[in-house]
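See below for the structure under consideration.
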Amino acid sequence: MNKAERFRRLTCTQELRKDLRGSSVRAAAFTWAAGAVDFLLRIGSTAILARLVLPEQFGLVMMVTAVTAIADQFRDLGLSTATVQRKEISHEEVSNLFWINVSAGVLITLVICGLSPAISAYYKEPRLTVLTCVLAANFIWGGLMVQHQALLARQLKLGHSATVRVLASVLSTALAILLAWFGFGYWALVWREFARCALLAVGMWLCCPWIPGLPSRKTDVREFIGFGAHLSAANILASISGGADRILLGRFWGPGPVAMYRQAYQLLVLPMEQLLSPVYQVTQPGLSMLQTDAARFRRFYQKVLTVACVASMPLSLFVAVYATEITRGLLGRKWVDSGPILMILSIGAFIRQPVSCAAFVLIARGRSKAYLGLTTLQNMVTVAAMALGVYWGAAGVAIAGVAATYVLIPPTLHYCFKESPVTIGSFFATIVRPVVASLTMTAALVWLRFELGAAPMLVSLTLGCVVALVVFLGAWMATPGGRVEVSSLMSDLRLALRRKAVPSPVGETVAAAN
């Protein structure tokens, strides 16, 4: 078998399209299982490190990552998504994209190191110069694994990526706890990130049996770069918006409020990322395969939207009700100021994930330029709101971010669904059941807290979890069509447990449901 044939087998998606639903669900399920382990590890390590490292030291690292997160988008250049979205791709094309990513990673490392004195001066914190240079080296590791990770995603081999992530998290977290125990302070957090990125790069190369060739001038990748440029620009803008909270708070209020805000944010976002990341990782390849089949495209997207609602809506409102208990239990008493911020952020998270996944429609249909325009609007509104909110500190920034989320719902849905198989009406028809069920659950939890009064924290949280689950499922099934939808989700779960799709006539039924 020659090199071209081996690569064709590595990237061909024809067999996946025959049982896309089954392949997607199984890949998402395996990734979720690995993600659940990673989530428990991250929560546990956060609880340990929060007691070994001071909030002010956490804040130092968070201020730098607000800047490096923006630069990280230049490393990818949107080329990983271009590799996944493309119907057909050659070994020479991916090789050229690989070298572009590596070159970008090296260049960004040098630029960030050169800017480290300016970053330190902006925050008025001299310790950040060396810290920034060490974290900047992670861009080189990142550039080395972009295309390998994209090739795994293209084949829905997400279990491989998930396993690598778990192992990298285990080893890097063990290193961080050991260093923190011996008093290394914020350097324990810095070396955790460095070790994690290095281990990820090594793991992706081991899991993806592809060796890039030398760059070739004869292979034209300008179309990839054009598509990726719009995505990269959009992701850069999104990173600016995502880091605006830390940049503004760090400049005007110092590392302490940054740490309080960011820890609250991570307590909310980490669970949702672990629940939704497996689904989102199969969404882009799945929708890209179906971009010429309107009916299957719409059904696939509605299934993703339903899962996003189930994972984010009840969880966000549960966190809003029990924000104080969650913060105190996981982080300790010295992080008590994060509680009110966590409650505010949870209100925005209630709708953010369902609305955000509408962007998959734009990207899967190749409308990267429209996606860039929408992202520009979203980030202008969000950053402007936070710039006003920073006057009132961390709580003001949190309220501003939530307000921007709800203001941007109409334009986001309009631009994402315009001239697509998905409509705004179908979007709201899909989310109405989880919305009603989540609000009903919240009313029950507020009543429960009032009745329990000053009950022990563990008792309150345990009873709250039981009541939340029972009321949410009961309210959903009580809505028209709710039982059928829950049954469909359970069917997907059972499908995920199968080792392979069942042939004939069940296989035909599954394919039709796609």
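How things are named: the first chain in the structure tokens is A, the next is B, and so on; residues count from 1 in each chain; ligands count from 1 in the order shown.
For Val435 in chain A, the list of residues within 12 Å, based on only C-alpha atoms and with local chain neighbours fewer than 3 positions off taken out, reads Thr306, Ala308, Cys309, Val310, Ala311, Ser312, Met313, Pro314, Leu315, Ser316, Leu317, Phe350, Ile351, Pro354, Phe428, Ala429, Thr430, Ile431, Val432, Ser438, Leu439, Thr440, Met441, Thr442, Phe472, Leu473, Ala475, Trp476 and Thr479 of chain A.
If only C-alpha atoms are the atoms counted, then among A:Leu189, A:Leu60, A:Val484, A:Ala478 the closest residue to Pro255 in chain A is A:Leu60.
Of the residues under consideration (A:Ala176, A:Trp191, A:Gln281, A:Leu49), A:Gln281 shows the shortest atom-to-atom contact distance to Arg154 in chain A when counting only C-alpha atoms.
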Could you check how far CA of Leu452 in chain A sits from CA of Leu331 in chain A, in Å to one decimal? 23.4 Å
Which neighbours of His230 in chain A fall inside 10 Å, counting only C-alpha atoms, when residues of the same chain fewer than 5 positions from it are skipped, and could you give them as a PDB file with C-alpha atoms, in the first residue's frame?
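Okay, selection_5.pdb is ready:
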```pdb
ATOM      1  CA  LEU A  77      -5.340  29.694  12.159  1.00  0.00           C
ATOM      2  CA  GLY A  78      -8.651  27.877  11.735  1.00  0.00           C
ATOM      3  CA  ILE A 225      -6.113  29.382   4.403  1.00  0.00           C
ATOM      4  CA  ASN A 235     -11.727  32.925  17.284  1.00  0.00           C
ATOM      5  CA  ILE A 236      -9.246  35.701  18.034  1.00  0.00           C
ATOM      6  CA  ARG A 367     -19.904  30.357   5.686  1.00  0.00           C
ATOM      7  CA  SER A 368     -16.805  31.369   7.602  1.00  0.00           C
ATOM      8  CA  LYS A 369     -17.036  34.995   6.456  1.00  0.00           C
ATOM      9  CA  ALA A 370     -20.554  35.347   7.898  1.00  0.00           C
ATOM     10  CA  TYR A 371     -19.316  33.690  11.083  1.00  0.00           C
ATOM     11  CA  LEU A 372     -16.570  36.305  11.351  1.00  0.00           C
ATOM     12  CA  GLY A 373     -19.107  39.124  10.955  1.00  0.00           C
TER      13      GLY A 373
END
```
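Computed from the coordinates, the CA of Met145 in chain A to CA of Leu305 in chain A distance equals 29.2 Å.
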All residues 12 Å or closer to Pro257 in chain A, only C-alpha atoms, same chain fewer than 4 positions away omitted, as a PyMOL selection string: chain A and resi 55-60+62-63+245-253+261-264+335-338+341+390+392-398
Option closest in space to Leu388 in chain A, from A:Ala403, A:Met260, A:Phe417, A:Arg328 [counting only C-alpha atoms]: A:Ala403
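Put simply, CA of Met386 in chain A is 6.3 Å away from CA of Gly401 in chain A.
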